[in-house]
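Source file: target-v1.cif; contents: mmCIF, N, CA and C atoms and all ligand atoms.
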```cif
data_work
loop_
_atom_site.label_atom_id
_atom_site.label_comp_id
_atom_site.auth_asym_id
_atom_site.auth_seq_id
_atom_site.Cartn_x
_atom_site.Cartn_y
_atom_site.Cartn_z
N MET F 282 -31.00 -46.77 15.59
CA MET F 282 -31.36 -46.86 14.16
C MET F 282 -30.93 -48.22 13.65
N ALA F 283 -31.83 -48.86 12.95
CA ALA F 283 -31.49 -50.17 12.38
C ALA F 283 -31.18 -50.01 10.90
N ASN F 284 -30.67 -51.06 10.32
CA ASN F 284 -30.36 -51.08 8.88
C ASN F 284 -29.50 -49.89 8.45
N GLN F 285 -28.39 -49.69 9.10
CA GLN F 285 -27.50 -48.60 8.73
C GLN F 285 -26.85 -48.88 7.39
N GLN F 286 -26.64 -47.81 6.66
CA GLN F 286 -25.86 -47.94 5.42
C GLN F 286 -24.62 -47.08 5.58
N ILE F 287 -23.48 -47.68 5.32
CA ILE F 287 -22.22 -46.95 5.46
C ILE F 287 -21.67 -46.66 4.08
N GLU F 288 -21.54 -45.36 3.77
CA GLU F 288 -21.05 -44.99 2.44
C GLU F 288 -19.60 -44.54 2.51
N GLY F 289 -18.94 -44.63 1.40
CA GLY F 289 -17.55 -44.18 1.32
C GLY F 289 -16.59 -45.31 1.61
N ASN F 290 -15.36 -45.11 1.23
CA ASN F 290 -14.33 -46.12 1.43
C ASN F 290 -13.50 -45.81 2.67
N ASN F 291 -12.92 -46.82 3.24
CA ASN F 291 -11.96 -46.67 4.33
C ASN F 291 -12.54 -45.98 5.56
N ASN F 292 -13.85 -46.11 5.78
CA ASN F 292 -14.43 -45.54 6.98
C ASN F 292 -13.88 -46.24 8.21
N VAL F 293 -13.77 -45.51 9.29
CA VAL F 293 -13.18 -46.05 10.50
C VAL F 293 -14.28 -46.25 11.55
N GLN F 294 -14.33 -47.45 12.08
CA GLN F 294 -15.30 -47.71 13.15
C GLN F 294 -14.80 -47.06 14.42
N VAL F 295 -15.60 -46.20 15.02
CA VAL F 295 -15.14 -45.54 16.24
C VAL F 295 -15.92 -45.96 17.47
N GLY F 296 -16.97 -46.74 17.33
CA GLY F 296 -17.66 -47.19 18.52
C GLY F 296 -19.04 -47.72 18.22
N ARG F 297 -19.75 -48.08 19.27
CA ARG F 297 -21.13 -48.57 19.11
C ARG F 297 -22.03 -47.80 20.07
N LEU F 298 -23.23 -47.52 19.60
CA LEU F 298 -24.20 -46.82 20.43
C LEU F 298 -25.51 -47.57 20.33
N ASP F 299 -25.92 -48.24 21.40
CA ASP F 299 -27.14 -49.04 21.40
C ASP F 299 -27.21 -49.97 20.20
N GLY F 300 -26.12 -50.61 19.91
CA GLY F 300 -26.11 -51.56 18.81
C GLY F 300 -25.78 -50.94 17.48
N ASP F 301 -25.87 -49.61 17.38
CA ASP F 301 -25.52 -48.97 16.11
C ASP F 301 -24.01 -48.89 15.99
N LEU F 302 -23.55 -49.13 14.80
CA LEU F 302 -22.13 -48.99 14.52
C LEU F 302 -21.86 -47.53 14.18
N ILE F 303 -20.96 -46.90 14.92
CA ILE F 303 -20.63 -45.49 14.67
C ILE F 303 -19.36 -45.45 13.83
N VAL F 304 -19.46 -44.81 12.68
CA VAL F 304 -18.28 -44.72 11.81
C VAL F 304 -18.00 -43.27 11.45
N GLU F 305 -16.75 -42.99 11.19
CA GLU F 305 -16.34 -41.66 10.74
C GLU F 305 -15.49 -41.82 9.49
N PRO F 306 -15.56 -40.84 8.60
CA PRO F 306 -14.67 -40.93 7.45
C PRO F 306 -13.23 -40.77 7.93
N PRO F 307 -12.28 -41.38 7.24
CA PRO F 307 -10.89 -41.25 7.68
C PRO F 307 -10.41 -39.82 7.49
N THR F 308 -9.58 -39.33 8.40
CA THR F 308 -9.01 -38.00 8.25
C THR F 308 -7.99 -38.03 7.12
N PRO F 309 -8.20 -37.22 6.09
CA PRO F 309 -7.24 -37.27 4.99
C PRO F 309 -5.93 -36.60 5.36
N PHE F 310 -4.89 -36.99 4.65
CA PHE F 310 -3.59 -36.37 4.90
C PHE F 310 -3.56 -34.99 4.28
N MET F 311 -3.18 -33.98 5.08
CA MET F 311 -3.07 -32.61 4.56
C MET F 311 -1.72 -32.05 4.97
N ARG F 312 -1.02 -31.50 4.01
CA ARG F 312 0.23 -30.84 4.33
C ARG F 312 -0.07 -29.52 5.03
N GLU F 313 0.72 -29.18 6.02
CA GLU F 313 0.52 -27.94 6.77
C GLU F 313 0.60 -26.71 5.86
N ASP F 314 1.50 -26.79 4.85
CA ASP F 314 1.72 -25.62 4.00
C ASP F 314 0.94 -25.69 2.69
N ASP F 315 -0.04 -26.59 2.60
CA ASP F 315 -0.85 -26.67 1.38
C ASP F 315 -1.74 -25.43 1.29
N PRO F 316 -1.52 -24.56 0.28
CA PRO F 316 -2.30 -23.32 0.20
C PRO F 316 -3.77 -23.57 -0.13
N ASN F 317 -4.12 -24.77 -0.56
CA ASN F 317 -5.52 -25.07 -0.89
C ASN F 317 -6.33 -25.53 0.31
N VAL F 318 -5.65 -25.70 1.45
CA VAL F 318 -6.35 -26.16 2.65
C VAL F 318 -6.85 -24.94 3.43
N VAL F 319 -8.15 -24.94 3.69
CA VAL F 319 -8.79 -23.81 4.39
C VAL F 319 -9.74 -24.36 5.45
N PRO F 320 -10.11 -23.55 6.43
CA PRO F 320 -11.16 -24.00 7.36
C PRO F 320 -12.46 -24.21 6.59
N CYS F 321 -13.18 -25.25 6.91
CA CYS F 321 -14.44 -25.54 6.21
C CYS F 321 -15.36 -24.32 6.35
N PRO F 322 -15.88 -23.78 5.23
CA PRO F 322 -16.74 -22.59 5.32
C PRO F 322 -18.08 -22.87 5.99
N PHE F 323 -18.40 -24.15 6.18
CA PHE F 323 -19.67 -24.50 6.83
C PHE F 323 -19.47 -24.79 8.31
N GLN F 324 -18.30 -24.44 8.80
CA GLN F 324 -18.01 -24.51 10.23
C GLN F 324 -18.26 -25.88 10.84
N CYS F 325 -17.82 -26.92 10.11
CA CYS F 325 -17.92 -28.26 10.69
C CYS F 325 -16.75 -28.49 11.64
N GLY F 326 -15.82 -27.52 11.68
CA GLY F 326 -14.71 -27.63 12.61
C GLY F 326 -13.47 -28.26 12.03
N GLN F 327 -13.53 -28.66 10.77
CA GLN F 327 -12.38 -29.31 10.14
C GLN F 327 -11.78 -28.41 9.07
N ARG F 328 -10.52 -28.71 8.73
CA ARG F 328 -9.90 -28.04 7.60
C ARG F 328 -10.14 -28.91 6.38
N THR F 329 -10.35 -28.28 5.24
CA THR F 329 -10.64 -29.03 4.02
C THR F 329 -10.03 -28.30 2.84
N TRP F 330 -10.17 -28.87 1.65
CA TRP F 330 -9.64 -28.22 0.45
C TRP F 330 -10.71 -27.31 -0.13
N TRP F 331 -10.33 -26.07 -0.43
CA TRP F 331 -11.33 -25.13 -0.99
C TRP F 331 -11.81 -25.60 -2.35
N ASN F 332 -10.99 -26.37 -3.08
CA ASN F 332 -11.35 -26.77 -4.45
C ASN F 332 -11.91 -28.19 -4.52
N ALA F 333 -12.29 -28.75 -3.37
CA ALA F 333 -12.93 -30.07 -3.37
C ALA F 333 -14.43 -29.88 -3.58
N PRO F 334 -15.07 -30.76 -4.37
CA PRO F 334 -16.52 -30.63 -4.55
C PRO F 334 -17.27 -30.64 -3.22
N GLY F 335 -16.84 -31.51 -2.30
CA GLY F 335 -17.48 -31.56 -1.00
C GLY F 335 -16.44 -31.65 0.10
N CYS F 336 -16.76 -31.09 1.26
CA CYS F 336 -15.88 -31.20 2.43
C CYS F 336 -15.75 -32.68 2.79
N TRP F 337 -14.54 -33.15 3.03
CA TRP F 337 -14.34 -34.57 3.34
C TRP F 337 -15.05 -34.95 4.63
N ASN F 338 -15.28 -33.96 5.53
CA ASN F 338 -15.87 -34.28 6.84
C ASN F 338 -17.40 -34.15 6.83
N CYS F 339 -17.90 -32.97 6.44
CA CYS F 339 -19.35 -32.76 6.52
C CYS F 339 -20.04 -32.98 5.18
N GLY F 340 -19.26 -33.07 4.08
CA GLY F 340 -19.85 -33.36 2.78
C GLY F 340 -20.52 -32.19 2.09
N ARG F 341 -20.48 -31.01 2.72
CA ARG F 341 -21.18 -29.88 2.10
C ARG F 341 -20.34 -29.30 0.96
N PRO F 342 -21.00 -28.60 0.00
CA PRO F 342 -20.33 -28.21 -1.26
C PRO F 342 -19.35 -27.05 -1.11
N VAL F 343 -18.12 -27.36 -0.79
CA VAL F 343 -17.09 -26.35 -0.54
C VAL F 343 -16.76 -25.56 -1.80
N LEU F 344 -16.49 -26.27 -2.90
CA LEU F 344 -16.09 -25.59 -4.13
C LEU F 344 -17.20 -24.63 -4.61
N ALA F 345 -18.43 -25.11 -4.61
CA ALA F 345 -19.55 -24.26 -5.05
C ALA F 345 -19.66 -23.02 -4.17
N PHE F 346 -19.40 -23.17 -2.88
CA PHE F 346 -19.45 -22.04 -1.95
C PHE F 346 -18.42 -20.97 -2.35
N PHE F 347 -17.17 -21.41 -2.60
CA PHE F 347 -16.12 -20.44 -2.92
C PHE F 347 -16.31 -19.85 -4.32
N GLN F 348 -16.88 -20.64 -5.24
CA GLN F 348 -17.17 -20.11 -6.58
C GLN F 348 -18.23 -19.01 -6.49
N GLN F 349 -19.24 -19.25 -5.66
CA GLN F 349 -20.29 -18.24 -5.48
C GLN F 349 -19.70 -16.98 -4.85
N GLN F 350 -18.80 -17.18 -3.88
CA GLN F 350 -18.16 -16.04 -3.21
C GLN F 350 -17.36 -15.21 -4.22
N ALA F 351 -16.65 -15.90 -5.13
CA ALA F 351 -15.87 -15.20 -6.16
C ALA F 351 -16.79 -14.42 -7.10
N ARG F 352 -17.93 -15.03 -7.47
CA ARG F 352 -18.89 -14.32 -8.33
C ARG F 352 -19.43 -13.09 -7.63
N ASN F 353 -19.73 -13.21 -6.36
CA ASN F 353 -20.25 -12.06 -5.60
C ASN F 353 -19.23 -10.93 -5.57
N ALA F 354 -17.94 -11.28 -5.35
CA ALA F 354 -16.89 -10.26 -5.29
C ALA F 354 -16.73 -9.59 -6.65
N GLN F 355 -16.78 -10.36 -7.73
CA GLN F 355 -16.67 -9.81 -9.07
C GLN F 355 -17.85 -8.90 -9.38
N LYS F 356 -19.03 -9.31 -8.97
CA LYS F 356 -20.23 -8.49 -9.18
C LYS F 356 -20.10 -7.16 -8.45
N GLU F 357 -19.54 -7.20 -7.24
CA GLU F 357 -19.37 -5.98 -6.46
C GLU F 357 -18.36 -5.04 -7.13
N ARG F 358 -17.23 -5.62 -7.63
CA ARG F 358 -16.24 -4.79 -8.33
C ARG F 358 -16.84 -4.14 -9.57
N LEU F 359 -17.60 -4.90 -10.35
CA LEU F 359 -18.21 -4.36 -11.57
C LEU F 359 -19.22 -3.27 -11.24
N THR F 360 -19.99 -3.47 -10.19
CA THR F 360 -20.98 -2.47 -9.79
C THR F 360 -20.31 -1.18 -9.36
N LYS F 361 -19.22 -1.30 -8.58
CA LYS F 361 -18.48 -0.10 -8.15
C LYS F 361 -17.91 0.63 -9.36
N ALA F 362 -17.30 -0.12 -10.28
CA ALA F 362 -16.71 0.50 -11.47
C ALA F 362 -17.79 1.18 -12.30
N ALA F 363 -18.98 0.57 -12.40
CA ALA F 363 -20.09 1.16 -13.16
C ALA F 363 -20.52 2.48 -12.54
N VAL F 364 -20.63 2.52 -11.23
CA VAL F 364 -21.08 3.74 -10.54
C VAL F 364 -20.05 4.85 -10.71
N ILE F 365 -18.76 4.51 -10.55
CA ILE F 365 -17.71 5.53 -10.70
C ILE F 365 -17.70 6.06 -12.14
N SER F 366 -17.76 5.14 -13.10
CA SER F 366 -17.76 5.55 -14.50
C SER F 366 -18.97 6.44 -14.80
N GLY F 367 -20.11 6.05 -14.31
CA GLY F 367 -21.34 6.82 -14.55
C GLY F 367 -21.29 8.21 -13.93
N LEU F 368 -20.78 8.30 -12.70
CA LEU F 368 -20.72 9.59 -12.01
C LEU F 368 -19.75 10.54 -12.71
N ILE F 369 -18.56 10.01 -13.06
CA ILE F 369 -17.57 10.85 -13.76
C ILE F 369 -18.16 11.29 -15.11
N GLY F 370 -18.79 10.35 -15.80
CA GLY F 370 -19.40 10.66 -17.09
C GLY F 370 -20.46 11.74 -16.98
N LEU F 371 -21.29 11.61 -15.96
CA LEU F 371 -22.38 12.58 -15.75
C LEU F 371 -21.83 13.98 -15.47
N VAL F 372 -20.82 14.04 -14.59
CA VAL F 372 -20.23 15.34 -14.23
C VAL F 372 -19.58 15.98 -15.47
N LEU F 373 -18.84 15.18 -16.23
CA LEU F 373 -18.17 15.72 -17.43
C LEU F 373 -19.18 16.15 -18.48
N ALA F 374 -20.19 15.30 -18.71
CA ALA F 374 -21.18 15.62 -19.75
C ALA F 374 -21.97 16.88 -19.39
N MET F 375 -22.39 16.97 -18.14
CA MET F 375 -23.20 18.13 -17.73
C MET F 375 -22.35 19.38 -17.53
N GLY F 376 -21.10 19.17 -17.12
CA GLY F 376 -20.24 20.33 -16.87
C GLY F 376 -19.51 20.82 -18.10
N SER F 377 -19.57 20.07 -19.17
CA SER F 377 -18.78 20.42 -20.37
C SER F 377 -19.16 21.79 -20.92
N GLN F 378 -20.42 22.18 -20.76
CA GLN F 378 -20.86 23.48 -21.31
C GLN F 378 -20.21 24.66 -20.59
N TYR F 379 -19.70 24.42 -19.38
CA TYR F 379 -19.08 25.52 -18.62
C TYR F 379 -17.58 25.60 -18.87
N LEU F 380 -17.06 24.65 -19.63
CA LEU F 380 -15.61 24.63 -19.90
C LEU F 380 -15.30 25.47 -21.13
N PRO F 381 -14.04 25.91 -21.25
CA PRO F 381 -13.65 26.65 -22.44
C PRO F 381 -13.92 25.82 -23.70
N SER F 382 -14.26 26.49 -24.78
CA SER F 382 -14.70 25.79 -25.99
C SER F 382 -13.65 24.78 -26.49
N GLY F 383 -12.39 25.03 -26.23
CA GLY F 383 -11.35 24.11 -26.70
C GLY F 383 -11.46 22.72 -26.12
N ILE F 384 -11.90 22.61 -24.89
CA ILE F 384 -11.95 21.27 -24.25
C ILE F 384 -13.37 20.81 -23.93
N SER F 385 -14.35 21.67 -24.15
CA SER F 385 -15.71 21.25 -23.79
C SER F 385 -16.18 20.09 -24.65
N GLY F 386 -15.80 20.07 -25.92
CA GLY F 386 -16.20 18.97 -26.78
C GLY F 386 -15.61 17.65 -26.32
N VAL F 387 -14.35 17.69 -25.95
CA VAL F 387 -13.68 16.47 -25.46
C VAL F 387 -14.34 15.99 -24.17
N ALA F 388 -14.62 16.95 -23.27
CA ALA F 388 -15.25 16.59 -22.00
C ALA F 388 -16.62 15.96 -22.23
N LEU F 389 -17.36 16.49 -23.19
CA LEU F 389 -18.69 15.94 -23.50
C LEU F 389 -18.57 14.50 -24.01
N VAL F 390 -17.61 14.27 -24.92
CA VAL F 390 -17.44 12.92 -25.48
C VAL F 390 -17.02 11.93 -24.38
N VAL F 391 -16.04 12.36 -23.57
CA VAL F 391 -15.58 11.47 -22.48
C VAL F 391 -16.73 11.23 -21.49
N GLY F 392 -17.51 12.26 -21.23
CA GLY F 392 -18.66 12.13 -20.32
C GLY F 392 -19.67 11.12 -20.84
N VAL F 393 -19.99 11.20 -22.13
CA VAL F 393 -20.95 10.26 -22.72
C VAL F 393 -20.38 8.83 -22.66
N LEU F 394 -19.07 8.70 -22.92
CA LEU F 394 -18.44 7.37 -22.83
C LEU F 394 -18.55 6.83 -21.40
N GLY F 395 -18.38 7.70 -20.42
CA GLY F 395 -18.50 7.28 -19.02
C GLY F 395 -19.89 6.77 -18.70
N ILE F 396 -20.91 7.48 -19.26
CA ILE F 396 -22.30 7.04 -19.04
C ILE F 396 -22.55 5.71 -19.74
N LEU F 397 -21.99 5.54 -20.94
CA LEU F 397 -22.12 4.26 -21.64
C LEU F 397 -21.39 3.16 -20.85
N GLY F 398 -20.25 3.53 -20.25
CA GLY F 398 -19.51 2.57 -19.42
C GLY F 398 -20.34 2.11 -18.23
N PHE F 399 -21.09 3.03 -17.66
CA PHE F 399 -21.99 2.68 -16.56
C PHE F 399 -22.97 1.60 -17.01
N ALA F 400 -23.57 1.81 -18.19
CA ALA F 400 -24.56 0.84 -18.69
C ALA F 400 -23.89 -0.51 -18.98
N ALA F 401 -22.71 -0.47 -19.62
CA ALA F 401 -22.05 -1.73 -20.00
C ALA F 401 -21.60 -2.52 -18.77
N LEU F 402 -20.95 -1.83 -17.84
CA LEU F 402 -20.46 -2.52 -16.64
C LEU F 402 -21.62 -3.00 -15.77
N GLY F 403 -22.66 -2.18 -15.72
CA GLY F 403 -23.83 -2.55 -14.92
C GLY F 403 -24.50 -3.81 -15.45
N SER F 404 -24.63 -3.91 -16.78
CA SER F 404 -25.30 -5.10 -17.32
C SER F 404 -24.41 -6.34 -17.16
N GLN F 405 -23.08 -6.12 -17.20
CA GLN F 405 -22.16 -7.24 -16.95
C GLN F 405 -22.34 -7.75 -15.51
N ALA F 406 -22.46 -6.80 -14.58
CA ALA F 406 -22.65 -7.17 -13.17
C ALA F 406 -23.98 -7.89 -12.98
N ASP F 407 -25.02 -7.44 -13.69
CA ASP F 407 -26.35 -8.05 -13.56
C ASP F 407 -26.37 -9.49 -14.04
N ARG F 408 -25.47 -9.80 -14.99
CA ARG F 408 -25.48 -11.16 -15.54
C ARG F 408 -24.86 -12.17 -14.57
N LEU F 409 -24.10 -11.68 -13.58
CA LEU F 409 -23.51 -12.58 -12.57
C LEU F 409 -24.56 -12.89 -11.52
N LYS F 410 -24.87 -14.15 -11.36
CA LYS F 410 -25.90 -14.54 -10.39
C LYS F 410 -25.28 -14.73 -9.01
ZN ZN F 501 -17.00 -29.36 6.54
#
```
Produce structure tokens that represent the structure in this file.
Ligand SMILES: [Zn+2]
Amino acid sequence: MANQQIEGNNNVQVGRLDGDLIVEPPTPFMREDDPNVVPCPFQCGQRTWWNAPGCWNCGRPVLAFFQQQARNAQKERLTKAAVISGLIGLVLAMGSQYLPSGISGVALVVGVLGILGFAALGSQADRLK
């Protein structure tokens, strides 16, 4: 390849291949006990910072990847909570008529609230992309 462009600072020349200059980005200093250092999620084989916009080695969007993962986990929690709330609400609302009159009214109200909780939590989960 002719007319190479080398981007970034402090790149290290590691060799030549048919006249091409081969460069690598410098390996950044990472403390062994740095809790923000994780294996690159794009499997470039290097360790990188989870909160860096891009992996120092492969340049792929590390932070965006972990943010998406967090949104997916939150969406899953909300969906589970919605289903549990809805099921409990449905059972209480439908079963309230078989309960003694003293508590059937309370069971019906709690059941309806559970069904409303299903709708509220579900729409919250839907808003997470
Ligand atoms: Zn990487």
(message) 10 Å from ligand ZN 501 (chain F) is the threshold here; counting only C-alpha atoms and all ligand atoms, which polymer residues fall inside it? Answer as a ChimeraX atom specification.
(response) /F:320-330,335-343
Those same residues - N, CA and C atoms - I'd like them written as a compact mmCIF listing (two decimals), in the frame of the given file.
```txt
# COMPACT_ATOMS: atom_id res chain seq x y z
N PRO F 320 -10.11 -23.55 6.43
CA PRO F 320 -11.16 -24.00 7.36
C PRO F 320 -12.46 -24.21 6.59
N CYS F 321 -13.18 -25.25 6.91
CA CYS F 321 -14.44 -25.54 6.21
C CYS F 321 -15.36 -24.32 6.35
N PRO F 322 -15.88 -23.78 5.23
CA PRO F 322 -16.74 -22.59 5.32
C PRO F 322 -18.08 -22.87 5.99
N PHE F 323 -18.40 -24.15 6.18
CA PHE F 323 -19.67 -24.50 6.83
C PHE F 323 -19.47 -24.79 8.31
N GLN F 324 -18.30 -24.44 8.80
CA GLN F 324 -18.01 -24.51 10.23
C GLN F 324 -18.26 -25.88 10.84
N CYS F 325 -17.82 -26.92 10.11
CA CYS F 325 -17.92 -28.26 10.69
C CYS F 325 -16.75 -28.49 11.64
N GLY F 326 -15.82 -27.52 11.68
CA GLY F 326 -14.71 -27.63 12.61
C GLY F 326 -13.47 -28.26 12.03
N GLN F 327 -13.53 -28.66 10.77
CA GLN F 327 -12.38 -29.31 10.14
C GLN F 327 -11.78 -28.41 9.07
N ARG F 328 -10.52 -28.71 8.73
CA ARG F 328 -9.90 -28.04 7.60
C ARG F 328 -10.14 -28.91 6.38
N THR F 329 -10.35 -28.28 5.24
CA THR F 329 -10.64 -29.03 4.02
C THR F 329 -10.03 -28.30 2.84
N TRP F 330 -10.17 -28.87 1.65
CA TRP F 330 -9.64 -28.22 0.45
C TRP F 330 -10.71 -27.31 -0.13
N GLY F 335 -16.84 -31.51 -2.30
CA GLY F 335 -17.48 -31.56 -1.00
C GLY F 335 -16.44 -31.65 0.10
N CYS F 336 -16.76 -31.09 1.26
CA CYS F 336 -15.88 -31.20 2.43
C CYS F 336 -15.75 -32.68 2.79
N TRP F 337 -14.54 -33.15 3.03
CA TRP F 337 -14.34 -34.57 3.34
C TRP F 337 -15.05 -34.95 4.63
N ASN F 338 -15.28 -33.96 5.53
CA ASN F 338 -15.87 -34.28 6.84
C ASN F 338 -17.40 -34.15 6.83
N CYS F 339 -17.90 -32.97 6.44
CA CYS F 339 -19.35 -32.76 6.52
C CYS F 339 -20.04 -32.98 5.18
N GLY F 340 -19.26 -33.07 4.08
CA GLY F 340 -19.85 -33.36 2.78
C GLY F 340 -20.52 -32.19 2.09
N ARG F 341 -20.48 -31.01 2.72
CA ARG F 341 -21.18 -29.88 2.10
C ARG F 341 -20.34 -29.30 0.96
N PRO F 342 -21.00 -28.60 0.00
CA PRO F 342 -20.33 -28.21 -1.26
C PRO F 342 -19.35 -27.05 -1.11
N VAL F 343 -18.12 -27.36 -0.79
CA VAL F 343 -17.09 -26.35 -0.54
C VAL F 343 -16.76 -25.56 -1.80
```
(message) Please determine, counting only C-alpha atoms, which residue among F:Met311, F:Val318, F:Val304, F:Ala374 has the shortest atom-to-atom distance to Val391 in chain F.
(response)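 Using only C-alpha atoms, the shortest distance to Val391 in chain F belongs to F:Ala374.
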(request) Pick out the residues sitting within 7 Å of Lys410 in chain F, and hand them over as an MDAnalysis selection string; count only N, CA and C atoms, and ignore anything fewer than 3 positions along from it in its own chain. (result) chainID F and resid 352:353 406:407
(request) For each of F:Leu302, F:Arg297, F:Asp314, F:Trp331, take the minimum atom-to-atom distance to Phe346 in chain F, counting all atoms listed in the file, then give the residue where this is smallest. (result)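 The closest residue to Phe346 in chain F is F:Trp331.
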(request) DSSP on the backbone, then: every residue of chain F marked strand (DSSP E or B), written as a list in words. (result) Val293, Gln294, Val295, Gly296, Arg297, Leu298, Asp301, Leu302, Ile303, Val304, Glu305, Val318, Val319, Pro320, Arg328, Thr329 and Trp330 of chain F
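Shortest separation to Leu397 in chain F among F:Gly370, F:Pro309, F:Gln349, F:Lys361 occurs at residue F:Gly370, atoms counted being only N, CA and C atoms.
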(request) Enter the distance from atom C of Glu357 in chain F to atom N of Ala345 in chain F, in Å, rounded to one decimal. (result) 20.2 Å
